[in-house]
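Asks: Just one file: entry.cif, with mmCIF, C-alpha atoms.
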data_protein
#
loop_
_atom_site.label_atom_id
_atom_site.label_comp_id
_atom_site.auth_asym_id
_atom_site.auth_seq_id
_atom_site.Cartn_x
_atom_site.Cartn_y
_atom_site.Cartn_z
CA MET Q 1 75.60 -53.24 -40.78
CA THR Q 2 76.32 -56.95 -40.58
CA THR Q 3 78.44 -56.73 -37.42
CA GLY Q 4 77.09 -53.58 -35.79
CA ARG Q 5 80.63 -52.18 -35.66
CA LYS Q 6 82.65 -49.69 -37.72
CA ALA Q 7 85.41 -51.13 -39.89
CA PHE Q 8 87.90 -48.48 -38.70
CA VAL Q 9 87.91 -46.79 -35.30
CA GLY Q 10 89.98 -44.08 -33.65
CA LYS Q 11 89.92 -41.43 -30.96
CA SER Q 12 89.92 -38.60 -33.50
CA GLN Q 13 89.23 -37.92 -37.17
CA ALA Q 14 92.97 -38.00 -37.89
CA SER Q 15 93.44 -41.39 -36.18
CA VAL Q 16 90.48 -42.84 -38.13
CA ILE Q 17 92.05 -41.63 -41.38
CA GLY Q 18 95.34 -43.22 -40.31
CA ALA Q 19 93.59 -46.53 -39.60
CA ILE Q 20 91.92 -46.49 -43.03
CA LEU Q 21 95.31 -45.99 -44.70
CA LYS Q 22 97.34 -48.65 -42.83
CA ASP Q 23 95.08 -51.08 -40.95
CA ASP Q 24 93.02 -54.04 -42.13
CA PRO Q 25 89.71 -54.53 -40.30
CA PRO Q 26 89.05 -57.93 -38.72
CA PRO Q 27 87.14 -60.41 -40.92
CA ILE Q 28 83.39 -60.32 -40.40
CA SER Q 29 83.46 -64.02 -39.54
CA THR Q 30 85.46 -63.26 -36.36
CA LEU Q 31 82.58 -61.09 -35.15
CA GLN Q 32 79.67 -63.02 -36.71
CA PRO Q 33 80.66 -66.72 -36.88
CA MET Q 34 77.67 -67.60 -39.12
CA THR Q 35 78.80 -65.18 -41.86
CA PRO Q 36 78.93 -66.87 -45.31
CA PRO Q 37 82.61 -67.15 -46.35
CA ALA Q 38 81.83 -65.47 -49.68
CA LEU Q 39 80.47 -62.38 -47.89
CA ASP Q 40 83.69 -62.23 -45.87
CA ARG Q 41 85.64 -62.29 -49.14
CA VAL Q 42 83.49 -59.60 -50.81
CA VAL Q 43 83.80 -57.19 -47.87
CA LYS Q 44 87.57 -57.75 -47.75
CA ARG Q 45 87.73 -57.02 -51.47
CA CYS Q 46 85.72 -53.79 -51.08
CA LEU Q 47 88.12 -52.59 -48.34
CA ALA Q 48 91.31 -53.44 -50.26
CA LYS Q 49 93.95 -50.68 -50.07
CA GLU Q 50 94.82 -51.01 -53.78
CA ARG Q 51 92.14 -49.63 -56.11
CA ASP Q 52 92.69 -52.35 -58.74
CA GLU Q 53 91.94 -55.05 -56.17
CA ARG Q 54 88.46 -53.68 -55.44
CA CYS Q 55 85.22 -54.23 -57.36
CA GLN Q 56 85.45 -52.17 -60.52
CA SER Q 57 81.73 -51.40 -60.81
CA ALA Q 58 78.52 -51.39 -58.80
CA LYS Q 59 77.20 -54.18 -61.06
CA ASP Q 60 80.10 -56.48 -60.09
CA LEU Q 61 79.39 -55.93 -56.40
CA THR Q 62 75.62 -56.32 -56.86
CA ASP Q 63 76.04 -59.61 -58.76
CA GLU Q 64 78.24 -61.07 -56.02
CA LEU Q 65 75.88 -59.99 -53.24
CA LYS Q 66 72.88 -61.46 -55.09
CA TRP Q 67 74.76 -64.72 -55.57
CA ILE Q 68 75.48 -64.84 -51.83
CA ALA Q 69 71.87 -64.02 -50.97
CA GLU Q 70 70.67 -66.88 -53.22
CA GLY Q 71 72.83 -69.36 -51.31
CA GLY Q 72 75.75 -69.56 -53.72
CA SER Q 73 78.25 -69.36 -50.89
CA GLN Q 74 76.81 -72.12 -48.75
CA VAL Q 75 79.53 -74.76 -48.97
CA THR Q 76 79.30 -77.40 -46.28
CA SER Q 77 82.40 -78.96 -44.87
CA ALA Q 78 80.70 -80.81 -42.03
CA PRO Q 79 80.97 -84.64 -42.04
CA ASN Q 80 77.92 -86.70 -42.95
CA ALA Q 81 75.69 -87.39 -39.98
CA PRO Q 82 72.33 -89.11 -39.50
CA ALA Q 83 69.40 -86.81 -40.16
CA LYS Q 84 67.88 -85.51 -36.98
CA GLY Q 85 65.15 -83.06 -36.10
CA ILE Q 86 66.14 -79.41 -35.76
CA GLY Q 87 66.95 -78.73 -32.15
CA ALA Q 88 67.27 -75.40 -30.36
CA LEU Q 89 70.87 -75.00 -31.58
CA GLY Q 90 69.84 -75.76 -35.15
CA ARG Q 91 66.96 -73.29 -35.03
CA ARG Q 92 69.31 -70.62 -33.72
CA ALA Q 93 71.82 -71.29 -36.50
CA LEU Q 94 69.05 -71.16 -39.10
CA LEU Q 95 67.76 -67.88 -37.68
CA LEU Q 96 71.25 -66.36 -37.76
CA ARG Q 97 71.70 -67.42 -41.39
CA VAL Q 98 68.33 -65.96 -42.40
CA CYS Q 99 69.17 -62.68 -40.64
CA THR Q 100 72.54 -62.59 -42.39
CA LEU Q 101 70.90 -63.07 -45.79
CA LEU Q 102 68.40 -60.31 -45.02
CA LEU Q 103 71.26 -57.98 -44.11
CA VAL Q 104 73.00 -58.85 -47.38
CA ALA Q 105 69.84 -57.89 -49.26
CA VAL Q 106 69.75 -54.55 -47.43
CA VAL Q 107 73.43 -53.92 -48.18
CA THR Q 108 72.78 -54.70 -51.85
CA GLY Q 109 69.95 -52.18 -52.00
CA LEU Q 110 71.99 -49.49 -50.27
CA ALA Q 111 74.99 -50.11 -52.50
CA VAL Q 112 72.90 -49.78 -55.65
CA TRP Q 113 71.15 -46.66 -54.29
CA ASN Q 114 74.31 -44.89 -53.11
CA LEU Q 115 76.16 -45.56 -56.36
CA LYS Q 116 73.40 -44.05 -58.50
CA PRO Q 117 74.45 -40.79 -60.17
CA SER Q 118 73.62 -37.82 -57.93
CA PRO Q 119 71.43 -35.10 -59.43
CA PRO Q 120 73.37 -31.95 -60.33
CA GLN Q 121 73.53 -29.38 -57.55
CA PRO Q 122 72.31 -25.84 -58.28
CA VAL Q 123 74.98 -23.21 -58.85
CA THR Q 124 74.81 -20.15 -56.60
CA ARG Q 125 76.18 -16.84 -57.82
CA THR Q 126 76.40 -13.46 -56.14
CA VAL Q 127 77.61 -10.07 -57.26
CA LEU Q 128 79.37 -7.56 -55.02
CA ASN Q 129 78.39 -4.11 -56.28
CA LEU Q 130 80.45 -1.44 -54.55
CA PRO Q 131 78.82 1.94 -53.90
CA GLN Q 132 79.90 4.85 -56.05
CA GLY Q 133 83.30 6.20 -54.97
CA GLN Q 134 84.29 2.95 -53.23
CA GLN Q 135 87.14 0.78 -54.54
CA LEU Q 136 88.12 -2.75 -53.51
CA ALA Q 137 91.58 -2.80 -51.91
CA GLY Q 138 94.48 -4.37 -53.78
CA LEU Q 139 95.84 -7.85 -53.12
CA GLU Q 140 99.34 -6.83 -52.06
CA SER Q 141 98.61 -7.77 -48.43
CA GLY Q 142 96.49 -10.83 -49.11
CA PRO Q 143 92.83 -11.50 -49.92
CA ALA Q 144 90.51 -8.51 -49.72
CA VAL Q 145 87.28 -10.53 -49.43
CA ALA Q 146 86.19 -13.20 -46.89
CA LEU Q 147 82.97 -15.23 -46.62
CA SER Q 148 81.86 -16.53 -43.22
CA PRO Q 149 81.86 -20.36 -42.84
CA ASP Q 150 78.06 -20.45 -42.58
CA GLY Q 151 77.69 -18.25 -45.68
CA THR Q 152 75.67 -15.56 -43.90
CA HIS Q 153 78.17 -12.67 -43.97
CA LEU Q 154 80.68 -11.19 -46.39
CA ALA Q 155 83.57 -9.00 -45.24
CA TYR Q 156 85.73 -7.00 -47.61
CA VAL Q 157 88.38 -4.28 -47.56
CA ALA Q 158 87.55 -1.15 -49.58
CA ILE Q 159 88.89 2.36 -49.98
CA GLN Q 160 86.52 5.32 -49.89
CA GLY Q 161 87.43 8.97 -49.49
CA GLY Q 162 91.06 8.01 -48.96
CA THR Q 163 90.23 5.71 -46.02
CA GLN Q 164 90.76 1.95 -46.22
CA GLN Q 165 88.67 -0.15 -43.83
CA LEU Q 166 86.53 -3.24 -43.43
CA TYR Q 167 82.94 -3.44 -44.63
CA LEU Q 168 80.45 -6.10 -43.56
CA ARG Q 169 77.45 -7.25 -45.56
CA ALA Q 170 74.79 -9.75 -44.52
CA MET Q 171 74.16 -12.02 -47.49
CA ASP Q 172 70.39 -11.48 -47.23
CA SER Q 173 70.98 -7.72 -47.64
CA LEU Q 174 72.22 -5.55 -50.50
CA GLU Q 175 73.85 -2.99 -48.21
CA ALA Q 176 77.36 -3.24 -46.76
CA LYS Q 177 78.21 -1.22 -43.67
CA PRO Q 178 81.65 0.01 -42.56
CA ILE Q 179 83.04 -1.55 -39.38
CA PRO Q 180 84.24 1.18 -37.01
CA GLY Q 181 87.78 0.80 -35.68
CA THR Q 182 89.08 -1.12 -38.71
CA GLU Q 183 90.81 1.74 -40.52
CA GLY Q 184 93.86 0.52 -42.45
CA ALA Q 185 92.64 -3.10 -42.33
CA VAL Q 186 93.98 -5.84 -44.60
CA ASN Q 187 93.48 -9.59 -45.01
CA PRO Q 188 90.05 -10.24 -43.35
CA PHE Q 189 89.14 -13.74 -42.10
CA PHE Q 190 86.24 -15.14 -40.07
CA SER Q 191 86.05 -17.18 -36.88
CA PRO Q 192 84.68 -20.74 -37.35
CA ASP Q 193 81.29 -19.70 -35.88
CA GLY Q 194 81.12 -16.60 -38.11
CA GLN Q 195 80.67 -14.25 -35.14
CA TRP Q 196 84.05 -12.50 -35.40
CA VAL Q 197 86.15 -11.01 -38.18
CA GLY Q 198 89.91 -11.15 -37.82
CA PHE Q 199 92.16 -8.68 -39.66
CA PHE Q 200 95.48 -6.83 -39.55
CA ALA Q 201 95.77 -3.08 -38.99
CA GLY Q 202 98.23 -0.67 -37.40
CA GLY Q 203 100.96 -3.31 -37.09
CA ALA Q 204 98.75 -5.69 -35.09
CA LEU Q 205 96.50 -8.73 -35.40
CA LYS Q 206 92.97 -7.78 -34.34
CA LYS Q 207 89.40 -9.07 -34.19
CA VAL Q 208 85.99 -7.41 -34.13
CA SER Q 209 82.50 -8.80 -33.53
CA VAL Q 210 80.05 -8.86 -36.43
CA SER Q 211 77.49 -7.52 -33.92
CA GLY Q 212 79.54 -4.37 -33.34
CA GLY Q 213 81.88 -3.14 -30.67
CA ALA Q 214 85.52 -2.16 -30.36
CA ALA Q 215 88.26 -4.02 -32.19
CA LEU Q 216 90.49 -6.08 -29.88
CA VAL Q 217 94.27 -6.46 -30.32
CA LEU Q 218 95.55 -10.07 -30.22
CA GLY Q 219 99.24 -9.68 -31.11
CA GLY Q 220 101.87 -7.74 -33.01
CA ALA Q 221 102.16 -8.05 -36.80
CA PRO Q 222 104.25 -5.29 -38.41
CA SER Q 223 104.19 -6.78 -41.94
CA PRO Q 224 101.53 -9.54 -41.97
CA ARG Q 225 101.32 -12.37 -44.47
CA GLY Q 226 98.07 -14.16 -43.74
CA ALA Q 227 96.11 -15.72 -40.89
CA SER Q 228 93.64 -18.54 -40.22
CA TRP Q 229 91.23 -19.17 -37.32
CA SER Q 230 91.10 -22.71 -35.93
CA SER Q 231 88.03 -24.50 -34.58
CA GLN Q 232 90.24 -25.24 -31.55
CA GLY Q 233 90.21 -21.58 -30.49
CA ALA Q 234 93.53 -20.41 -31.89
CA ILE Q 235 94.72 -18.16 -34.71
CA ALA Q 236 97.81 -18.99 -36.77
CA PHE Q 237 99.41 -16.01 -38.49
CA ALA Q 238 102.55 -14.75 -40.17
CA PRO Q 239 103.46 -11.47 -38.41
CA GLN Q 240 105.97 -10.36 -41.06
CA ASN Q 241 107.47 -11.40 -44.37
CA VAL Q 242 110.56 -13.10 -42.88
CA THR Q 243 109.27 -15.32 -40.09
CA ILE Q 244 107.91 -18.68 -39.05
CA LEU Q 245 104.19 -19.03 -38.34
CA GLN Q 246 102.98 -18.08 -34.88
CA GLN Q 247 99.82 -19.01 -33.00
CA VAL Q 248 97.84 -17.04 -30.43
CA PRO Q 249 94.65 -17.91 -28.49
CA ASP Q 250 91.62 -16.20 -30.03
CA ALA Q 251 90.98 -14.54 -26.65
CA GLY Q 252 94.46 -13.05 -26.67
CA GLY Q 253 97.74 -14.08 -25.08
CA THR Q 254 101.41 -14.64 -25.83
CA PRO Q 255 102.09 -15.86 -29.40
CA GLN Q 256 103.84 -19.22 -29.69
CA PRO Q 257 105.77 -20.68 -32.66
CA VAL Q 258 103.87 -23.15 -34.86
CA THR Q 259 106.52 -23.98 -37.48
CA ARG Q 260 110.29 -23.94 -37.79
CA PHE Q 261 112.47 -23.24 -40.78
CA GLU Q 262 113.66 -26.23 -42.77
CA LYS Q 263 116.80 -26.05 -44.91
CA GLY Q 264 116.49 -23.17 -47.37
CA ASP Q 265 113.36 -21.62 -45.81
CA VAL Q 266 113.31 -17.92 -45.00
CA SER Q 267 109.57 -17.24 -44.90
CA HIS Q 268 106.38 -19.09 -43.90
CA ARG Q 269 103.15 -17.43 -45.04
CA TRP Q 270 99.42 -17.75 -45.74
CA PRO Q 271 98.38 -20.36 -43.16
CA GLU Q 272 95.13 -22.28 -43.57
CA PHE Q 273 93.86 -24.66 -40.88
CA LEU Q 274 92.61 -28.04 -42.05
CA PRO Q 275 89.19 -29.25 -40.77
CA GLY Q 276 89.44 -30.16 -37.10
CA GLY Q 277 92.29 -27.71 -36.46
CA LYS Q 278 94.92 -30.45 -35.95
CA ALA Q 279 97.12 -29.33 -38.87
CA VAL Q 280 97.78 -26.20 -40.87
CA LEU Q 281 98.77 -25.68 -44.51
CA PHE Q 282 101.11 -22.84 -45.42
CA ALA Q 283 103.52 -21.57 -48.06
CA ALA Q 284 107.24 -22.03 -47.39
CA GLY Q 285 109.60 -19.94 -49.50
CA PRO Q 286 113.38 -19.58 -49.91
CA ASN Q 287 113.15 -15.88 -50.74
CA ALA Q 288 111.49 -13.08 -48.79
CA THR Q 289 110.65 -11.00 -51.87
CA ASN Q 290 110.05 -13.62 -54.58
CA PHE Q 291 107.76 -16.59 -53.89
CA THR Q 292 108.07 -18.14 -57.35
CA ASN Q 293 109.81 -21.22 -55.91
CA ALA Q 294 107.69 -21.49 -52.77
CA GLN Q 295 106.19 -24.84 -51.76
CA VAL Q 296 103.02 -25.87 -49.96
CA ALA Q 297 103.81 -27.42 -46.57
CA VAL Q 298 101.74 -28.96 -43.79
CA GLN Q 299 102.38 -28.78 -40.05
CA SER Q 300 100.76 -30.73 -37.23
CA VAL Q 301 99.65 -28.19 -34.66
CA GLY Q 302 101.39 -28.56 -31.31
CA ARG Q 303 104.73 -29.67 -32.78
CA ALA Q 304 107.27 -27.69 -34.77
CA ASN Q 305 108.51 -30.39 -37.11
CA GLY Q 306 106.34 -30.15 -40.19
CA GLY Q 307 107.07 -31.34 -43.70
CA THR Q 308 106.63 -30.32 -47.29
#
Show me the file's structure as structure tokens.

Replies:
Amino acid sequence: MTTGRKAFVGKSQASVIGAILKDDPPPISTLQPMTPPALDRVVKRCLAKERDERCQSAKDLTDELKWIAEGGSQVTSAPNAPAKGIGALGRRALLLRVCTLLLVAVVTGLAVWNLKPSPPQPVTRTVLNLPQGQQLAGLESGPAVALSPDGTHLAYVAIQGGTQQLYLRAMDSLEAKPIPGTEGAVNPFFSPDGQWVGFFAGGALKKVSVSGGAALVLGGAPSPRGASWSSQGAIAFAPQNVTILQQVPDAGGTPQPVTRFEKGDVSHRWPEFLPGGKAVLFAAGPNATNFTNAQVAVQSVGRANGGT
């Protein structure tokens, strides 16, 4: 607010996070020469990388800002000079100092307001009552329930009359309807905009629109172990239990490798894209049948050199 610039900048969310972790922003005084030195020091303290070097309470910060606003930081180092009337330059300097003090007062108010305890958020609960004769599918092939990112639709895998398939329920309705063409489905997941449901069936990765229509095949997956839909228009998935992760465009195409095996790895499973779609979390295991010693790993999308 004082400088009109952000403390940390970058071309993407990831680069901004990187700047916050390793860079120090320029002192305010380099951008606003009339900044009180004490304000420069307080802002630097608030942005310290080490937690113990920062203000330990809102009261500490408020007291320092009030002291600055009351003129406690005005230490003159200029040599004595004969008193003269305030010229244009002096009026400008005085105006800048007054504006700075007003900004400090605003920052103080915002700091106190933002650090006030937030009121508790209401808890939302919902119950999924299956119709008589319908049974939720087991978890052997992954999650059986998926909620759309916008919270408007619920998809689940259920068995009825010996047939396992996907059911879709709008959250403002009590009725779930079967999705034609999803027989044998497992592991449902939604597109970021909530308009498509991805799933595995018949040895393939597929998708179907929540508005209806035929299911579309996106790639082969004889023994799937999870999938995730990126906001960048791609789907990462594990096509079988002994494999690296692959990625395919959500419109279809040739799957490409996303990860590579590190020493001891034999299986990468259960991908989950991080916000922004620039990296994916997954489970990396040394055993295809027992994941007791598996680890969580992260992989930057676009390169196959991830890390645990």

Asks: Expanded to explicit residues, what is the PyMOL selection byres ((chain Q and resi 289-297) around 9) for this file, as number ranges by chain?

Replies: Q: 241, 265, 280-288, 298-299, 306-308

Asks: Record the distance separating CA of Cys55 in chain Q and CA of Phe8 in chain Q, expressed in Å with one decimal.

Replies: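 For CA of Cys55 in chain Q relative to CA of Phe8 in chain Q, the distance reads 19.7 Å.
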
Asks: Work out how far CA of Val145 in chain Q is from CA of Pro257 in chain Q, in Å to one decimal.

Replies: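 CA of Val145 in chain Q lies 26.9 Å from CA of Pro257 in chain Q.
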
Asks: Compile the contact shell of Ser211 in chain Q as a PyMOL selection string: residues with an atom at most 10 Å away, counting all atoms listed in the file, same-chain residues fewer than 6 positions apart removed.

Replies: chain Q and resi 179+195-196

Asks: Taking the file as shown, what set of residues would the PyMOL selection byres ((chain Q and resi 231) around 8) give back, as JSON, numbers by chain?

Replies: {"Q": [191, 192, 229, 230, 232, 233, 234, 275, 276, 277]}

Asks: Out of Q:Ile20, Q:Ala236, Q:Leu65, Q:Leu216, which residue has the shortest atom-to-atom distance to Lys49 in chain Q when counting all atoms listed in the file?

Replies: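 Ranked by minimum distance to Lys49 in chain Q, first place goes to Q:Ile20.
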
Asks: Considering all atoms listed in the file, can you say which of Q:Ala238, Q:Leu139, Q:Val266, Q:Ala170 comes closest to Val157 in chain Q?

Replies: Q:Leu139

Asks: Evaluate the PyMOL selection byres ((chain Q and resi 247) around 6) here and jot the selected residues down as a VMD selection string.

Replies: chain Q and resid 235 to 236 246 248 255 to 256

Asks: Any chance you can output those residues with C-alpha atoms as an mmCIF file, keeping the file's coordinate frame?

Replies:
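Produced file selection26.cif, reproduced below:
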data_model
loop_
_atom_site.group_PDB
_atom_site.id
_atom_site.type_symbol
_atom_site.label_atom_id
_atom_site.label_comp_id
_atom_site.auth_asym_id
_atom_site.auth_seq_id
_atom_site.Cartn_x
_atom_site.Cartn_y
_atom_site.Cartn_z
ATOM 1 C CA ILE Q 235 94.720 -18.160 -34.710
ATOM 2 C CA ALA Q 236 97.810 -18.990 -36.770
ATOM 3 C CA GLN Q 246 102.980 -18.080 -34.880
ATOM 4 C CA VAL Q 248 97.840 -17.040 -30.430
ATOM 5 C CA PRO Q 255 102.090 -15.860 -29.400
ATOM 6 C CA GLN Q 256 103.840 -19.220 -29.690
#

Asks: Would you list the contacts of Leu136 in chain Q as a PyMOL selection string, taking every protein, DNA or RNA residue within 10 Å and counting all atoms listed in the file, but skipping same-chain residues closer than 2 positions in sequence?

Replies: chain Q and resi 130+134+138-139+144-145+156-160+164

Asks: Please indicate the distance in Å from CA of Ser228 in chain Q to CA of Arg169 in chain Q, rounded to one decimal place.

Replies: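 Atom-to-atom, CA of Ser228 in chain Q and CA of Arg169 in chain Q are spaced 20.4 Å apart.
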
Asks: Which of these, Q:Gly10, Q:Gly203, Q:Gly198, Q:Pro271, has the shortest distance to Ala155 in chain Q once you count all atoms listed in the file?

Replies: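 Checking each candidate against Ala155 in chain Q, we get Q:Gly198 as the closest.
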
Asks: For a cutoff of 12 Å around the file-coordinate point (94.8, -47.9, -42.3), which residues qualify once you count all atoms listed in the file? I'd like the result as a ChimeraX atom specification.

Replies: /Q:7-10,14-25,47-50

Asks: Excluding Leu31 in chain Q and residues on its chain fewer than 6 positions from it, collect all residues at most 12 Å away from it, counting only C-alpha atoms, and give them as a PyMOL selection string.

Replies: chain Q and resi 1-7+25+40
